[in-house]
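Trainee: Below is one structure. I have some questions about it.
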Number of protein chains: 2
Amino acid sequence: MADKFISRRNLDFLLYEVLDAEQLTAFDYYGGHNRKLFDMVIDAAAKLAKDRLRPIFEEMDRQGPVMENGRVKVHPAVGGILREYGDGGWISASLPEAHGGEQLPDVVSNLCRFIFAAANYSASIYPELSAGAAHLIVSFGSEDLNSTYVPAMISGKWQGTMALTEPDAGSSLTDITTTAEPAGDFYRICGTKIFISAGDHDGAENVVHLMLAKIPGGPPGVKGISLFVVPRLRPGADGTLTPNDVTVTQIFHKLGYRGAPITELSMGEKGDCRGYLVGEPHLGLTYMFQLMNEARLGVGLGATAIAAAAYYAALDYARTRPQGRPMGEKDPTRPQVPIVSHADVRRMLLFQKSVSEGALALIAQCSLYSDLVRAADGETAERAALLLDLLTPVAKTYPSEMGVLSTSSAIQCFGGYGYCEDFPVEQHYRDVRIHPIHEGTTGIQGMDLLGRKVVMNGGRAMTLFLEEVKTAIAQGRACDRTAAQADQLEAALGSLEQVTWYLVGVAGEKGPEVFLADATLYLELFGIVTVAWQWLRQALAAEKGLALKPSPRDRQFYAGKRFAFRYFFAYELPKTLALVRRLTDGDPVTIEMAPEMFND
Amino acid sequence: MADKFISRRNLDFLLYEVLDAEQLTAFDYYGGHNRKLFDMVIDAAAKLAKDRLRPIFEEMDRQGPVMENGRVKVHPAVGGILREYGDGGWISASLPEAHGGEQLPDVVSNLCRFIFAAANYSASIYPELSAGAAHLIVSFGSEDLNSTYVPAMISGKWQGTMALTEPDAGSSLTDITTTAEPAGDFYRICGTKIFISAGDHDGAENVVHLMLAKIPGGPPGVKGISLFVVPRLRPGADGTLTPNDVTVTQIFHKLGYRGAPITELSMGEKGDCRGYLVGEPHLGLTYMFQLMNEARLGVGLGATAIAAAAYYAALDYARTRPQGRPMGEKDPTRPQVPIVSHADVRRMLLFQKSVSEGALALIAQCSLYSDLVRAADGETAERAALLLDLLTPVAKTYPSEMGVLSTSSAIQCFGGYGYCEDFPVEQHYRDVRIHPIHEGTTGIQGMDLLGRKVVMNGGRAMTLFLEEVKTAIAQGRACDRTAAQADQLEAALGSLEQVTWYLVGVAGEKGPEVFLADATLYLELFGIVTVAWQWLRQALAAEKGLALKPSPRDRQFYAGKRFAFRYFFAYELPKTLALVRRLTDGDPVTIEMAPEMFND
């Protein structure tokens with residue numbers, strides 16, 4: 001097992017050299033914080049990840065959850081980890097102080113989550129789910145719900161979940177059939193949910209589901225969806241816990257992400273499952289979007305973290321594994337060289353580095369926007385909100401899709417050994433494959449981006465995004481080392497604009513089906529341009545660092561950034577050419593092909 | 001489990017409508033065959049695959065090989081399957097009649113192997129390895145070796161292997177250290193081999209390793225490598241079998257391909273491991289290239305088969321799974337539609353169809369070249385030999401690399417269910433990931449293609465390839481339905497030529513390291529152009545079929561070909577734009593980055 005799964009230096013670089021996260025402490029909301037505190041938090045996260053999560057990375061995969069007598073048994077360390085997270089204030093890190101939280105900026109807490117997920121993705125999701133669920137209650141729940149559920153959730157004693165998906169309503173939430181019959185001060189819940197992460201386990205005293213259901217008689221479709229708190233055990237006023245008729249009907253055996261149980265839940269088999277309404281009836285989906293957006297960023301973050309961990313494992317192997325000789329060396333008696341000496345291996349490592357560090361920069365950028373939404377006001381907050389909204393599907397998908405390729409590239413660096421369980425990369429490869437699926441598939445994200453986000457508010461978010469990228473281009477052009485790439489990015493950005501206008505025209509002429517047929521490819525194009533922008537920003541920060549006579553170690557670090565930046569623009573950005581060609585060629589092949597033509 | 005894992009109709013299409021495989025029966029060597037016989041053989045393969053291999057597809061994965069008392073225990077069906085293959089003549093199918101074979105053309109036997117691998121890749125490799133090893137003995141071994149080993153191997157009683165790789169010599173065969181000391185009529189073998197597929201198992205009475213080793217005192221490097229038959233048990237003249245000091249030291253636990261044991265072997269721990277020289281000393285690598293080339297085509301074939309099986313599973317699911325409504329349908333009370341109705345799902349299915357059927361066409365094309373090498377003479381044989389040599393790295397790599405993406409796309413069609421063991425696609429995804437690694441990694445194939453094959457014989461093979469593609473372009477241009485794509489292919493082929501000349505110039509100016517730095521990308525470019533050529537050929541055959549007033553079923557089949565062809569040219573061929581840009585931009589980023597710049 002490679003010791004290194006993240007680069008601490010890179011986190012400082014993003015926080016203080018690229019993003020200037022300290023700016024946040026000037027706002028009242030984050031006034032209690034400072035850089036020293038941020039650093040302490042990150043150091044503590046790194047220690048927790050190293051000491052508690054990483055050592056059981058493989059074990060949690062090999063000894064996956066099992067069903068025993070209707071309950072889910074998970075790795076014995078999970079309960080302790082949840083409690084340790086609670087005690088350390090990790091679950092409540094982003095919550096307001098008024099609700100027992102630390103009011104930590106997302107840009108810091110998300111980097112901590114990155115560290116946890118890189119160490120052990122499965123272990124990291126238990127507290128993360130509790131944090132998201134608690135945040136939802138804090139934002140929209142009554143005082144009673146808050147006092148009954150939130151303290152136990154943020155202490156790590158109770159597990160939180162998000163329960164949306166149903167067997168016949170995966171991507172189509174409009175079709176959920178779980179019902180909630182009013183019954184006085186609660187609702188009787190009846191229905192089935194599937195793919196519920198951490199839907200039950202013996203490491204928590206109770207499980208609190210934030211669940212979507214329909215109140216009979218409400219509007220059809222998504223406008224009739226309400227949000228409920230549905231606990232596994234109902235807490236009584238006297239502190240007792242009564243079974244709430246929530247049954248685990250199965251757990252799923254999965255390709256990866258095996259340390260976390262994904263459950264099917266049945267509510268109300270005995271007619272005694274009680275749910276407690278969060279906020280107003282029929283506004284459930286609106287509320288849930290807070291958690292879904294957080295979760296989407298979290299999925300991008302998780303994929304980035306897994307890709308980073310796999311990259312460091314591959315790098316470690318490439319530095320130490322001798323194999324082959326320099327090209328042109330004909331003498332077989334000369335010693336072999338480490339495989340990092342081969343250009344093709346360096347290409348694969350640079351690919352992984354450019355993907356994982358580029359994606360992380362984007363996640364950090366989005367986290368900063370999220371903090372500005374919370375702390376700033378006026379135009380700053382509005383800008384940040386729109387940019388965050390626009391970039392959420394990108395920050396979810398780019399890392400997820402590229403994480404699959406990046407971990408595959410890590411396997412390739414190991415050769416045959418990468419395919420074996422002796423090294424962690426095959427597990428990273430399995431773990432990351434869920435990310436293009438959960439919290440909205442890539443297809444759904446593409447439609448969200450092109451069909452909603454790009455065109456919302458008269459294209460205002462898109463306009464702001466173009467402004468941001470153009471600012472970076474102008475800065476890039478002013479520096480010799482980045483000028484050529486700034487030009488390249490300008491061309492790609494121009495293409496993205498043109499494609500967008502072209503597709504908007506298609507929408508008007510040919511309707512939504514043709515407009516959105518290749519939304520996935522549009523999202524891919526958008527993702528590459530976005531990460532190129534983030535690489536240009538990183539390159540500018542690296543040049544700034546290099547101008548300040550850095551230590552030899554920092555000089556190497558900045559040189560690495562320079563090369564990953566060059567790599568991204570030489571190898572990744574050109575992929576936009578192919579996407580632009582396809583997105584504007586106008587052949588509606590996927591629309592015209594009738595399903596029966598797949599017969600053969 | 002989906003019933004369908006291949007398309008029988010597509011095999012007929014390739015054999016008789018695209019390739020005219022019947023032409024082979026005009027040659028003396030294949031004179032004993034005819035179309036009816038070919039069809040019977042393929043039907044028998046389909047039956048064997050369906051009845052014996054497919055039913056244990058999952059079981060062989062879940063109940064992988066285990067070590068027990070120094071022996072490897074595999075799924076109990078393996079022994080019976082090997083024997084059934086032997087009895088059915090499958091192991092000896094391609095061998096000459098003089099050696100007990102059926103003298104079946106590769107273009108037919110490889111389609112049978114495709115069926116087997118699609119049904120159950122792990123199960124299919126046992127007889128395949130025996131066939132390759134037997135062929136090596138038949139080609140280069142003495143009469144004594146032939147009579148001692150080949151009959152038991154082709155009967156399925158004994159397992160054959162290829163034993164090349166060593167712990168410190170993976171891709172670098174020059175560094176193997178296994179020794180073979182002359183000792184009269186045999187050699188004393190001493191050394192370790194790893195990653196030996198089917199290196200031992202209890203389904204075979206004996207295992208016959210075709211093993212590379214060095215005779216002390218021979219030339220250094222690959223010129224000192226010899227080939228030996230090293231049995232697990234030495235057959236005596238009286239039929240007895242004596243242990244030959246070959247020990248299984250471990251089996252590897254792998255991401256996929258779990259039904260087959262991958263072993264580490266130790267030879268000569270007691271000083272009593274005997275090897276029998278095949279052919280002349282020091283020519284081992286030359287001989288082994290016969291098996292390696294067959295195995296490389298076999299790897300491409302296996303990856304294609306796995307991708308095809310995953311595609312049919314995804315297609316079946318997409319046709320039957322209701323989810324969502326047509327774009328623009330706002331009424332949530334309307335019934336849901338099968339997901340195959342969504343353009344994005346059709347895009348993913350067309351991707352998988354275009355990859356698996358495009359790759360299979362290429363494999364079949366190469367198989368036909370192989371048959372022409374054997375049966376024809378003069379220029380025909382020479383052309384075929386050069387084209388086969390040139391295209392082997394492409395036929396190995398395109399299916400392998402794209403198979404990873406194609407099976408991933410199959411998972412995506414299933415959404416969350418695709419990530420679960422309830423459906424076969426997650427296993428296909430795991431099984432296929434070995435293919436870019438075994439029998440020479442993608443990086444090795446790239447260097448083979450650009451560094452050897454393209455430039456060999458003064459570029460003669462490349463010239464022949466360009467001729468072949470241009471012939472198809474000329475035919476494509478003569479047909480309305482394919483003219484636009486023919487133009488597109490001409491442009492892409494022109495780019496490939498230009499890139500090739502550019503890189504040859506780089507080789508002269510800057511030496512082999514810069515020349516070959518992006519050989520992997522060159523191979524990717526070559527692969528896309530090659531498969532576009534194969535799609536054009538398929539489209540022309542489909543148009544021909546459509547002109548002959550086909551049955552309604554055939555009309556659908558041909559329509560499917562039309563759309564997959566259109567898809568490939570609209571979505572896949574444009575990827576060459578990005579590759580050409582990178583391959584000619586001249587920034588030696590992977591060469592210039594020093595290993596220590598990865599420090600951070």
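Labels for the structure tokens follow display order: chains A, B, ..., residues from 1 in each chain, ligands from 1.
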Residues of chain B within 7 Å of chain A, counting only C-alpha atoms, what are they? List them as an NGL selection string.
Mentor: :B and (7 or 9 or 169 or 172 or 174 or 220-221 or 252-255 or 323-324 or 327-328 or 332 or 340 or 343-344 or 346-347 or 412 or 415-416 or 419-421 or 426 or 434 or 437 or 443 or 512-513 or 517-518 or 556-557 or 559-560 or 563 or 566-567 or 570-571 or 574-575 or 577-578 or 581-582 or 589-591 or 593 or 595-600)
Trainee: Create the file for the chosen residues now, containing C-alpha atoms and written as a compact mmCIF listing (two decimals), in the first residue's frame.
Mentor:
```txt
# COMPACT_ATOMS: atom_id res chain seq x y z
CA SER B 7 -25.47 -11.95 -33.21
CA ARG B 9 -26.69 -12.93 -38.32
CA ALA B 169 10.97 -8.99 -17.00
CA SER B 172 11.24 -6.52 -21.32
CA THR B 174 15.54 -9.33 -22.98
CA PRO B 220 23.02 -11.60 -24.32
CA GLY B 221 19.55 -10.16 -24.68
CA PHE B 252 -2.99 -13.96 -8.35
CA HIS B 253 -6.28 -12.49 -7.19
CA LYS B 254 -7.51 -10.30 -9.97
CA LEU B 255 -9.99 -7.60 -10.86
CA GLN B 323 -38.07 5.10 -17.39
CA GLY B 324 -38.94 8.68 -18.20
CA MET B 327 -38.59 14.85 -24.39
CA GLY B 328 -41.17 17.61 -24.19
CA PRO B 332 -46.45 12.94 -15.66
CA VAL B 340 -34.11 2.78 -25.64
CA ALA B 343 -31.49 9.63 -27.69
CA ASP B 344 -28.70 9.49 -25.12
CA ARG B 346 -29.41 5.12 -28.23
CA ARG B 347 -26.14 7.02 -28.52
CA GLN B 412 -24.10 3.24 -17.88
CA GLY B 415 -27.72 3.00 -14.33
CA GLY B 416 -27.32 1.83 -10.74
CA TYR B 419 -22.99 -1.41 -10.96
CA CYS B 420 -24.52 -4.43 -9.22
CA GLU B 421 -23.76 -8.11 -9.57
CA GLU B 426 -20.03 -5.34 -14.22
CA ILE B 434 -6.90 -7.18 -18.71
CA ILE B 437 -2.28 -5.30 -20.61
CA GLY B 443 2.33 1.10 -25.02
CA PRO B 512 13.82 7.42 -31.42
CA GLU B 513 12.73 8.74 -28.03
CA ALA B 517 6.96 9.28 -27.32
CA ASP B 518 3.35 9.35 -28.50
CA GLN B 556 -33.81 -4.10 -40.14
CA PHE B 557 -30.41 -5.72 -39.83
CA ALA B 559 -30.66 -0.53 -41.42
CA GLY B 560 -28.87 -1.13 -38.13
CA PHE B 563 -26.92 3.66 -38.53
CA ARG B 566 -23.27 6.76 -39.66
CA TYR B 567 -22.67 6.82 -35.93
CA ALA B 570 -20.27 11.17 -36.94
CA TYR B 571 -18.96 10.46 -33.44
CA PRO B 574 -13.75 13.06 -35.64
CA LYS B 575 -11.62 11.97 -32.69
CA LEU B 577 -8.81 15.59 -35.33
CA ALA B 578 -7.63 15.80 -31.73
CA ARG B 581 -3.37 18.00 -33.59
CA ARG B 582 -1.44 16.50 -30.71
CA VAL B 589 6.26 17.68 -22.84
CA THR B 590 6.53 14.04 -21.77
CA ILE B 591 10.20 13.93 -22.75
CA MET B 593 9.46 16.56 -17.72
CA PRO B 595 10.80 12.49 -12.91
CA GLU B 596 11.52 14.66 -9.84
CA MET B 597 9.04 17.25 -11.08
CA PHE B 598 6.33 14.85 -10.02
CA ASN B 599 7.43 15.63 -6.46
CA ASP B 600 4.98 17.63 -4.43
```
Trainee: What are the DSSP helix (DSSP H, G or I) residues of region 2-228 of chain B, as a PyMOL selection string?
Mentor: chain B and resi 8-18+21-26+28-30+35-62+77-87+97-99+106-119+121-140+143-154+173-175+221-224
Trainee: Using only C-alpha atoms, find the one residue out of B:Arg232, B:His282, B:His209, B:Lys193 that sits nearest to Ser266 (chain B).
Mentor: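 Of B:Arg232, B:His282, B:His209, B:Lys193, the one nearest Ser266 (chain B), counting only C-alpha atoms, is B:Lys193.
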Trainee: Please provide as number ranges by chain all residues within 12 Å of Ala308 (chain B), with the sequence filter that same-chain residues fewer than 4 positions apart are discarded (counting only C-alpha atoms).
Mentor: B: 4-8, 10, 114-121, 301-304, 312-315, 349-360, 399, 402-404, 406-407, 409-410, 425, 428-429, 432
Trainee: Between B:Thr263, B:Thr392, B:Asn206, B:Ser142, which is the closest to Gly279 (chain B) once you count only C-alpha atoms?
Mentor: B:Ser142
Trainee: Measuring atom to atom with only C-alpha atoms, identify which of A:Ala237, A:Ala491, A:Met456, A:Leu536 is nearest to Cys479 (chain A).
Mentor: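 When distances to Cys479 (chain A) are compared using only C-alpha atoms, the smallest one comes from A:Leu536.
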Trainee: Would you list the contacts of Val107 (chain B) as a CSV table (one decimal) with N, CA and C atoms, in the first residue's frame, taking every protein, DNA or RNA residue within 9 Å and counting only C-alpha atoms, but skipping same-chain residues closer than 3 positions in sequence?
Mentor:
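To be explicit, this is the file written out as result_3.csv:
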```csv
chain,number,residue,atom,x,y,z
B,15,LEU,N,-18.8,-13.0,-42.8
B,15,LEU,CA,-18.1,-14.1,-43.5
B,15,LEU,C,-18.5,-14.0,-45.0
B,21,ALA,N,-15.7,-15.2,-47.5
B,21,ALA,CA,-14.8,-16.2,-47.0
B,21,ALA,C,-14.8,-17.5,-47.8
B,104,LEU,N,-9.2,-25.9,-40.6
B,104,LEU,CA,-10.3,-24.9,-40.7
B,104,LEU,C,-9.7,-23.6,-40.9
B,110,ASN,N,-11.8,-18.4,-35.8
B,110,ASN,CA,-11.8,-17.2,-34.9
B,110,ASN,C,-13.2,-16.7,-34.6
B,111,LEU,N,-14.1,-16.8,-35.5
B,111,LEU,CA,-15.5,-16.5,-35.1
B,111,LEU,C,-16.1,-17.4,-34.1
B,112,CYS,N,-15.7,-18.7,-34.2
B,112,CYS,CA,-16.1,-19.6,-33.1
B,112,CYS,C,-15.5,-19.2,-31.8
B,363,ILE,N,-11.0,-8.0,-36.9
B,363,ILE,CA,-10.5,-9.3,-36.5
B,363,ILE,C,-10.7,-10.3,-37.6
B,364,ALA,N,-11.9,-10.3,-38.2
B,364,ALA,CA,-12.3,-11.2,-39.2
B,364,ALA,C,-11.4,-10.9,-40.5
B,365,GLN,N,-11.2,-9.6,-40.7
B,365,GLN,CA,-10.3,-9.2,-41.9
B,365,GLN,C,-8.9,-9.8,-41.6
B,366,CYS,N,-8.4,-9.6,-40.5
B,366,CYS,CA,-7.0,-10.1,-40.2
B,366,CYS,C,-7.0,-11.6,-40.2
B,367,SER,N,-8.0,-12.3,-39.8
B,367,SER,CA,-8.1,-13.8,-39.9
B,367,SER,C,-8.0,-14.2,-41.3
B,368,LEU,N,-8.7,-13.5,-42.2
B,368,LEU,CA,-8.7,-13.9,-43.6
B,368,LEU,C,-7.3,-13.7,-44.2
B,369,TYR,N,-6.6,-12.6,-43.8
B,369,TYR,CA,-5.2,-12.4,-44.2
B,369,TYR,C,-4.4,-13.6,-43.8
B,370,SER,N,-4.6,-14.1,-42.5
B,370,SER,CA,-3.9,-15.2,-42.0
B,370,SER,C,-4.1,-16.4,-42.8
B,371,ASP,N,-5.3,-16.6,-43.2
B,371,ASP,CA,-5.7,-17.8,-44.1
B,371,ASP,C,-5.0,-17.7,-45.4
```
Trainee: Mind checking which residues fall within 10 Å of region 144-148 of chain B, counting only C-alpha atoms, ignoring those fewer than 3 positions away in the same chain, and posting them as a ChimeraX atom specification?
Mentor: /B:99,134-141,151-153,229,234-237,239,276-278
Trainee: Go ahead and save the picked residues with C-alpha atoms, as a tab-separated table (two decimals), in the first residue's frame.
Mentor:
```
chain	number	residue	atom	x	y	z
B	99	HIS	CA	-1.18	-33.24	-37.34
B	134	ALA	CA	0.16	-27.17	-29.72
B	135	HIS	CA	0.49	-25.06	-32.86
B	136	LEU	CA	3.93	-23.94	-31.73
B	137	ILE	CA	5.11	-27.52	-31.28
B	138	VAL	CA	3.61	-28.50	-34.62
B	139	SER	CA	5.37	-25.62	-36.35
B	140	PHE	CA	8.81	-25.88	-34.81
B	141	GLY	CA	9.09	-28.98	-32.62
B	151	PRO	CA	-2.20	-35.57	-29.18
B	152	ALA	CA	-2.86	-35.22	-25.46
B	153	MET	CA	-3.05	-31.43	-25.78
B	229	VAL	CA	8.65	-27.61	-23.72
B	234	ARG	CA	7.29	-35.82	-17.60
B	235	PRO	CA	5.72	-38.47	-19.77
B	236	GLY	CA	7.74	-41.68	-19.80
B	237	ALA	CA	7.92	-44.10	-22.72
B	239	GLY	CA	2.98	-43.79	-20.33
B	276	TYR	CA	13.02	-30.03	-24.14
B	277	LEU	CA	14.34	-27.69	-26.77
B	278	VAL	CA	11.98	-26.63	-29.52
```
Trainee: Grab the CA of Gln290 (chain B) to CA of Met162 (chain B) distance for me, in Å with one decimal place.
Mentor: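 About the pair CA of Gln290 (chain B) and CA of Met162 (chain B): they are 11.5 Å apart.
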Trainee: For Gly101 (chain A), which residue among A:Glu382, A:Asp87, A:Asp448, A:Glu329 is the nearest when counting only C-alpha atoms?
Mentor: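 Checking each of A:Glu382, A:Asp87, A:Asp448, A:Glu329 against Gly101 (chain A), counting only C-alpha atoms, the winner is A:Asp87.
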Trainee: In Å, how far is it from CA of Thr161 (chain B) to CA of Leu372 (chain B)?
Mentor: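 That distance, rounded to one decimal, is 26.7 Å.
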Trainee: Using DSSP on the backbone coordinates, identify the residues of region 227-422 of chain A assigned to strand (DSSP E or B); present them as an NGL selection string.
Mentor: :A and (227-231 or 233-235 or 241-243 or 246-251 or 254 or 262-267 or 274-277 or 322 or 338 or 420)
Trainee: CA of Lys47 (chain B) and CA of Asn293 (chain B) are how many Å apart?
Mentor: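 Atom-to-atom, CA of Lys47 (chain B) to CA of Asn293 (chain B), that is 28.2 Å.
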